[in-house]
Amino acid sequence: MSDFLTIQNATRRFGGLVAVDDVTTRVDHGQLVGLIGPNGAGKTTLFNLISGFTPLSSGDVHFKGTRLNGMKPNRIARLGIGRTFQNLRVFPNMTVFDNVSVGAFGTHPQSALDALRSGSKRAETISERVWQALERTELAYVATDLAANLSYGKRKYLEIARALAMQPDFLILDEPAAGLNDSETLELANFIRSLHADGLTIMLVEHDMGLVMSVCERIVVLASGKKIADADPDTVRADPAVLEAYLGTDE
Amino acid sequence: MSDLANPPTAAPPSTLRNLVLPILIAIVIFAVVPAVLTSFGRGYFWQIANIALIFVLLAASLHVVTGVAGLLHLGHAAFYGVGAYTAGLLASEQGMPFLVTIPAAAIVTAAIAFLVALPTMRLVSIYFAVATLAIGQMIYLVLLNWVSFTHGPNGVLIFSGLEVFGIDLSSPIATYFLVAVIVSASIVLIHRISHSYYGNALRSLREDDQCADAMGVRTARLKMEAFVISAAFAGIAGALWAHTTGYISPSDFDFAESILILAMVVVGGLGSLPGAVIGALLLILLPEVLRDVGDVRNIMVGIVMFLSILLLPKGLFGEVSALSMIRRQFGDAWRRDENGKGIGWR
Ligand SMILES: Nc1ncnc2c1ncn2[C@@H]1O[C@H](COP(=O)(O)OP(=O)(O)O)[C@@H](O)[C@H]1O
Ligand SMILES: [Mg+2]
């Protein structure tokens, strides 16, 4: 079968600290995979290795047959990997609509020359993609509001909308539920399920097990940079190594 | 202000409504101002009008790189100088016609901007600013010291009269129209660049370039493009300066000039094209209005700048209100469907 995302012996050192330690795993097309682990386990670092934000110290990452090692983030993004950030990163002084348009522009760019003429096909396609993403995330009614003026919860959806406008094949979400209350988390879980139902392959990071257990079909567990489990939710929940990792920290 | 999601049902998608403001602006530039200046009948006023237009273009060009893309550029006047010397030397020493020197100035300036920017585009924030400061100083020193080529501190006299297709345009009113047409056309192009999805991508560099990178935006390339586009328009402004004043010297393009252009953009509103235009008009015309006051006028200009930045840190016409106005009034940039509902930039 053709490979979607494969991570082989990925290692990332920060000085003496091994943030990601010899991790080998894969994500198949159409899967919704969870990545969990206590704070500082290396989840964000692993995401950064996939999206090109942090270079690998050793190991390999392949996406749809292309080796990603050493590629710039924007190149990896254009191969079809969209991401959100753990610490919300919207463009605060731009409207919701304009924020999302950057995602569409990223994978479907308009040249300066194209911008000079009115009514180009490129611009039309970007508009369509933006509205699709805004409607999907129910943000259309705040389209002309400044991103800075949105509530925290809405900004989370804005980040997802921006990534959706890229029309990615693979979406990685870094702790999307952090800072949300229980009902908002539930709503988000349903939303992620619906994205998956539409055929999007998703990898979801949470340090809290609840959300991941409820939506993911497969769960990878990191502790101190090492992969300690990789199985379905029930198996992971019963795994003594996982319990120990969670109890062994002050989480 | 939500003209996009909740459209006022009364607003037709008609292009007519969208044309009112552009037509008004055109009437002011091409009818009201020339009529008023003619009634004054003083050549000096025409020259002030030309300078105001040239600085409008300078501020608008810096707006692209500093206001929209967020790169603090402290050497813009040097590119203005490159354009002026390109046009001035081509006209006075090669006898090139006016209409050739304008694009030549734009191309030479863009090319030099590209070469000097190549090694600096990786730098961020204050480091980039200092690099542009150094670039500005280097170009200024070349203009000053490469005497065999630029005539050094003596400057360059441009004798060739303003002629387009054999028609003499050296009368004050004809020169004004020539400058006004070229500046207006340039502003329309800058308007298209700033108010489009391309402009949004440039804004994302200013907001969070790492995040834009994660969206697939080619950040390094876009920064370079913004820098080069900005320089090209500064080059055109320089060519207009050379032709309208008939004399250029290095001191016209020194650091103080870069700071003046930067002040126009900041006072008007970073990221706002109408703001840049207003900032330029204010800082060129205010000293002229205060001419009778004597030497304290420079202090008064300083006070006006100081107060405007204290009271209106987002500028006289800030980015948010500028973009909202552009969406409502400039139909060529913002598309609506048959119900008047906004669709997007176009
Ligand atoms: N840029 C960096 N420089 C140094 N250490 C880092 C850097 N990024 C992450 N780390 C360290 O790597 C470890 C894993 O961090 P991270 O991947 O953010 O964990 P998680 O997302 O699972 O909470 C932590 O000990 C963190 O301090
Ligand atoms: Mg993290």
# chains A, B, ... in the order shown; residues from 1 in each chain; ligands from 1

$ interface_residues --of "chain A" --to "chain B" --cutoff "7 Å" --atoms "only C-alpha atoms" --output "count of residues only"
32

$ residues_near_ligand --ligand "ligand 2" --cutoff "9 Å" --atoms "only C-alpha atoms and all ligand atoms" --output "list of chain:residue names"
A:Asn39, A:Gly40, A:Ala41, A:Gly42, A:Lys43, A:Thr44, A:Thr45, A:Phe47, A:Phe85, A:Gln86, A:Asn87, A:Asp174, A:Glu175, A:Val205, A:Glu206, A:His207

$ write_last_selection --atoms "all heavy atoms" --output "compact mmCIF listing (two decimals), in the first residue's frame"
# COMPACT_ATOMS: atom_id res chain seq x y z
N ASN A 39 2.67 16.77 30.06
CA ASN A 39 3.35 18.00 29.63
C ASN A 39 4.85 17.76 29.51
O ASN A 39 5.45 17.13 30.38
CB ASN A 39 3.11 19.10 30.66
CG ASN A 39 2.00 20.02 30.21
OD1 ASN A 39 1.80 20.21 29.01
ND2 ASN A 39 1.26 20.58 31.16
N GLY A 40 5.42 18.27 28.43
CA GLY A 40 6.85 18.11 28.24
C GLY A 40 7.25 16.77 27.66
O GLY A 40 8.44 16.46 27.56
N ALA A 41 6.26 16.00 27.23
CA ALA A 41 6.55 14.66 26.69
C ALA A 41 7.20 14.73 25.32
O ALA A 41 7.82 13.76 24.87
CB ALA A 41 5.27 13.84 26.63
N GLY A 42 7.04 15.86 24.62
CA GLY A 42 7.62 15.98 23.29
C GLY A 42 6.60 15.98 22.17
O GLY A 42 6.96 15.88 20.99
N LYS A 43 5.32 16.17 22.52
CA LYS A 43 4.26 16.12 21.50
C LYS A 43 4.39 17.28 20.51
O LYS A 43 4.38 17.08 19.29
CB LYS A 43 2.88 16.17 22.18
CG LYS A 43 2.69 15.11 23.25
CD LYS A 43 1.33 15.19 23.88
CE LYS A 43 1.04 16.45 24.69
NZ LYS A 43 1.85 16.59 25.92
N THR A 44 4.50 18.49 21.04
CA THR A 44 4.63 19.65 20.16
C THR A 44 5.90 19.54 19.32
O THR A 44 5.91 19.86 18.13
CB THR A 44 4.65 20.95 20.99
OG1 THR A 44 3.40 21.06 21.68
CG2 THR A 44 4.85 22.17 20.12
N THR A 45 6.97 19.07 19.95
CA THR A 45 8.22 18.93 19.21
C THR A 45 8.05 17.94 18.05
O THR A 45 8.52 18.19 16.94
CB THR A 45 9.35 18.48 20.15
OG1 THR A 45 9.43 19.39 21.25
CG2 THR A 45 10.68 18.44 19.42
N PHE A 47 5.30 17.36 16.43
CA PHE A 47 4.54 18.10 15.41
C PHE A 47 5.45 19.05 14.64
O PHE A 47 5.32 19.19 13.43
CB PHE A 47 3.43 18.92 16.09
CG PHE A 47 2.13 18.20 16.15
CD1 PHE A 47 2.07 16.82 16.05
CD2 PHE A 47 0.94 18.90 16.28
CE1 PHE A 47 0.87 16.15 16.11
CE2 PHE A 47 -0.27 18.24 16.33
CZ PHE A 47 -0.31 16.88 16.25
N PHE A 85 -1.62 25.79 16.16
CA PHE A 85 -0.58 25.94 17.18
C PHE A 85 -1.18 25.80 18.57
O PHE A 85 -2.32 26.18 18.81
CB PHE A 85 0.10 27.30 17.03
CG PHE A 85 0.88 27.44 15.76
CD1 PHE A 85 0.26 27.91 14.61
CD2 PHE A 85 2.21 27.07 15.70
CE1 PHE A 85 0.98 28.03 13.42
CE2 PHE A 85 2.93 27.18 14.52
CZ PHE A 85 2.31 27.66 13.39
N GLN A 86 -0.34 25.28 19.47
CA GLN A 86 -0.79 25.12 20.85
C GLN A 86 -1.09 26.48 21.48
O GLN A 86 -2.12 26.68 22.09
CB GLN A 86 0.29 24.39 21.65
CG GLN A 86 -0.07 24.19 23.10
CD GLN A 86 0.96 23.33 23.81
OE1 GLN A 86 1.88 22.82 23.19
NE2 GLN A 86 0.78 23.16 25.10
N ASN A 87 -0.15 27.42 21.32
CA ASN A 87 -0.39 28.79 21.76
C ASN A 87 -1.01 29.52 20.58
O ASN A 87 -0.34 29.83 19.62
CB ASN A 87 0.91 29.46 22.19
CG ASN A 87 2.01 29.26 21.19
OD1 ASN A 87 1.96 28.33 20.38
ND2 ASN A 87 3.00 30.12 21.18
N ASP A 174 -2.72 20.95 17.51
CA ASP A 174 -1.94 20.88 18.74
C ASP A 174 -2.77 21.43 19.92
O ASP A 174 -2.95 22.64 20.04
CB ASP A 174 -0.64 21.68 18.59
CG ASP A 174 0.37 21.33 19.67
OD1 ASP A 174 0.00 20.62 20.62
OD2 ASP A 174 1.54 21.76 19.55
N GLU A 175 -3.26 20.53 20.72
CA GLU A 175 -4.06 20.87 21.91
C GLU A 175 -5.17 21.86 21.60
O GLU A 175 -5.24 22.94 22.20
CB GLU A 175 -3.17 21.40 23.04
CG GLU A 175 -2.10 20.39 23.41
CD GLU A 175 -1.67 20.47 24.87
OE1 GLU A 175 -2.41 21.05 25.68
OE2 GLU A 175 -0.61 19.91 25.19
N VAL A 205 -3.25 16.29 19.09
CA VAL A 205 -2.48 16.24 20.33
C VAL A 205 -3.34 16.68 21.50
O VAL A 205 -4.08 17.65 21.39
CB VAL A 205 -1.27 17.20 20.26
CG1 VAL A 205 -0.79 17.55 21.65
CG2 VAL A 205 -0.14 16.56 19.50
N GLU A 206 -3.28 15.97 22.57
CA GLU A 206 -3.88 16.44 23.82
C GLU A 206 -3.04 15.91 24.96
O GLU A 206 -2.51 14.81 24.89
CB GLU A 206 -5.31 15.91 23.97
CG GLU A 206 -6.33 16.75 23.25
CD GLU A 206 -6.41 18.19 23.73
OE1 GLU A 206 -6.15 18.45 24.94
OE2 GLU A 206 -6.70 19.05 22.91
N HIS A 207 -2.92 16.68 26.02
CA HIS A 207 -2.26 16.07 27.16
C HIS A 207 -3.32 15.53 28.12
O HIS A 207 -3.04 14.72 28.98
CB HIS A 207 -1.27 17.02 27.84
CG HIS A 207 -1.87 18.00 28.78
ND1 HIS A 207 -2.16 19.27 28.40
CD2 HIS A 207 -2.22 17.88 30.08
CE1 HIS A 207 -2.69 19.92 29.42
NE2 HIS A 207 -2.74 19.10 30.46

$ select_by_dssp --residues "segment 161-221 of chain A" --states "strand (DSSP E or B)" --output "ChimeraX atom specification"
/A:170-174,201-206,218-221

$ atom_distance --atom1 "atom CA of Val130 of chain A" --atom2 "atom CA of Asn99 of chain A"
9.2 Å

$ residues_around --residues "Thr38 of chain B" --least-positions-apart "6" --cutoff "10 Å" --atoms "only C-alpha atoms" --output "JSON, numbers by chain"
{"B": [32, 45, 46, 172, 173]}

$ write_last_selection --atoms "C-alpha atoms" --output "PDB file, in the first residue's frame"
ATOM      1  CA  VAL B  32      -9.961  71.570  -8.437  1.00  0.00           C
ATOM      2  CA  PHE B  45       2.684  76.804  -5.832  1.00  0.00           C
ATOM      3  CA  TRP B  46       2.827  74.456  -8.804  1.00  0.00           C
ATOM      4  CA  PRO B 172       3.780  74.578 -14.873  1.00  0.00           C
ATOM      5  CA  ILE B 173       0.275  73.288 -15.491  1.00  0.00           C
TER       6      ILE B 173
END

$ residues_around --residues "segment 152-158 of chain B" --least-positions-apart "2" --cutoff "6 Å" --atoms "only C-alpha atoms" --output "PyMOL selection string"
chain B and resi 92+144-145+147+150+160+246-249

$ write_last_selection --atoms "C-alpha atoms" --output "compact mmCIF listing (two decimals), in the first residue's frame"
# COMPACT_ATOMS: atom_id res chain seq x y z
CA SER B 92 20.97 64.99 -19.31
CA LEU B 144 28.23 61.65 -3.07
CA ASN B 145 31.67 60.22 -3.84
CA VAL B 147 32.23 61.99 -8.76
CA THR B 150 27.28 61.25 -10.37
CA SER B 160 16.28 68.67 -21.38
CA GLY B 246 15.73 70.08 -12.98
CA TYR B 247 18.51 69.62 -10.45
CA ILE B 248 19.42 66.74 -8.12
CA SER B 249 22.14 66.39 -5.54

$ residues_around --residues "Asn50 of chain B" --least-positions-apart "3" --cutoff "9 Å" --atoms "only C-alpha atoms" --output "ChimeraX atom specification"
/B:45-47,53-55,175-176,179-180,240-241,244

$ residues_around --residues "Val20 of chain A" --least-positions-apart "4" --cutoff "12 Å" --atoms "only C-alpha atoms" --output "VMD selection string"
chain A and resid 7 to 14 16 24 37 40 to 50 54 to 59 222 to 227

$ select_by_dssp --residues "segment 78-168 of chain B" --states "alpha helix (DSSP H)" --output "ChimeraX atom specification"
/B:78-94,98-117,125-145,147-150

$ residues_around --residues "segment 307-317 of chain B" --least-positions-apart "6" --cutoff "8 Å" --atoms "only C-alpha atoms" --output "PyMOL selection string"
chain B and resi 266-270+272+274-275+278-279

$ write_last_selection --atoms "N, CA and C atoms" --output "tab-separated table (two decimals), in the first residue's frame"
chain	number	residue	atom	x	y	z
B	266	VAL	N	3.87	56.57	9.24
B	266	VAL	CA	3.46	56.27	10.62
B	266	VAL	C	2.36	57.24	11.07
B	267	VAL	N	2.55	58.53	10.78
B	267	VAL	CA	1.54	59.52	11.18
B	267	VAL	C	0.22	59.22	10.48
B	268	GLY	N	0.27	58.83	9.22
B	268	GLY	CA	-0.95	58.53	8.47
B	268	GLY	C	-1.63	57.27	8.97
B	269	GLY	N	-0.82	56.29	9.36
B	269	GLY	CA	-1.37	55.01	9.84
B	269	GLY	C	-0.68	53.86	9.15
B	270	LEU	N	0.10	53.11	9.92
B	270	LEU	CA	0.82	51.97	9.34
B	270	LEU	C	-0.16	50.97	8.74
B	272	SER	N	-2.07	51.53	6.21
B	272	SER	CA	-3.19	52.22	5.57
B	272	SER	C	-2.70	53.04	4.37
B	274	PRO	N	-4.61	55.07	2.28
B	274	PRO	CA	-5.07	56.46	2.40
B	274	PRO	C	-4.33	57.21	3.51
B	275	GLY	N	-3.98	56.50	4.57
B	275	GLY	CA	-3.21	57.13	5.65
B	275	GLY	C	-1.88	57.64	5.16
B	278	ILE	N	-2.41	60.77	3.20
B	278	ILE	CA	-2.73	61.91	4.07
B	278	ILE	C	-1.48	62.36	4.84
B	279	GLY	N	-0.70	61.39	5.34
B	279	GLY	CA	0.53	61.72	6.06
B	279	GLY	C	1.48	62.52	5.20

$ closest_residue --among "B:Leu90, B:Ala60, B:Ala49, B:Leu74" --to "Ala239 of chain B" --atoms "only C-alpha atoms"
B:Leu90

$ atom_distance --atom1 "atom CA of Met224 of chain B" --atom2 "atom CA of Ile259 of chain B"
21.3 Å

$ closest_residue --among "A:Met213, A:Ile192, A:Leu17, A:Leu200" --to "ligand 1" --atoms "only C-alpha atoms and all ligand atoms"
A:Leu17

$ atom_distance --atom1 "atom CA of Leu115 of chain B" --atom2 "atom CA of Thr245 of chain B"
28.9 Å
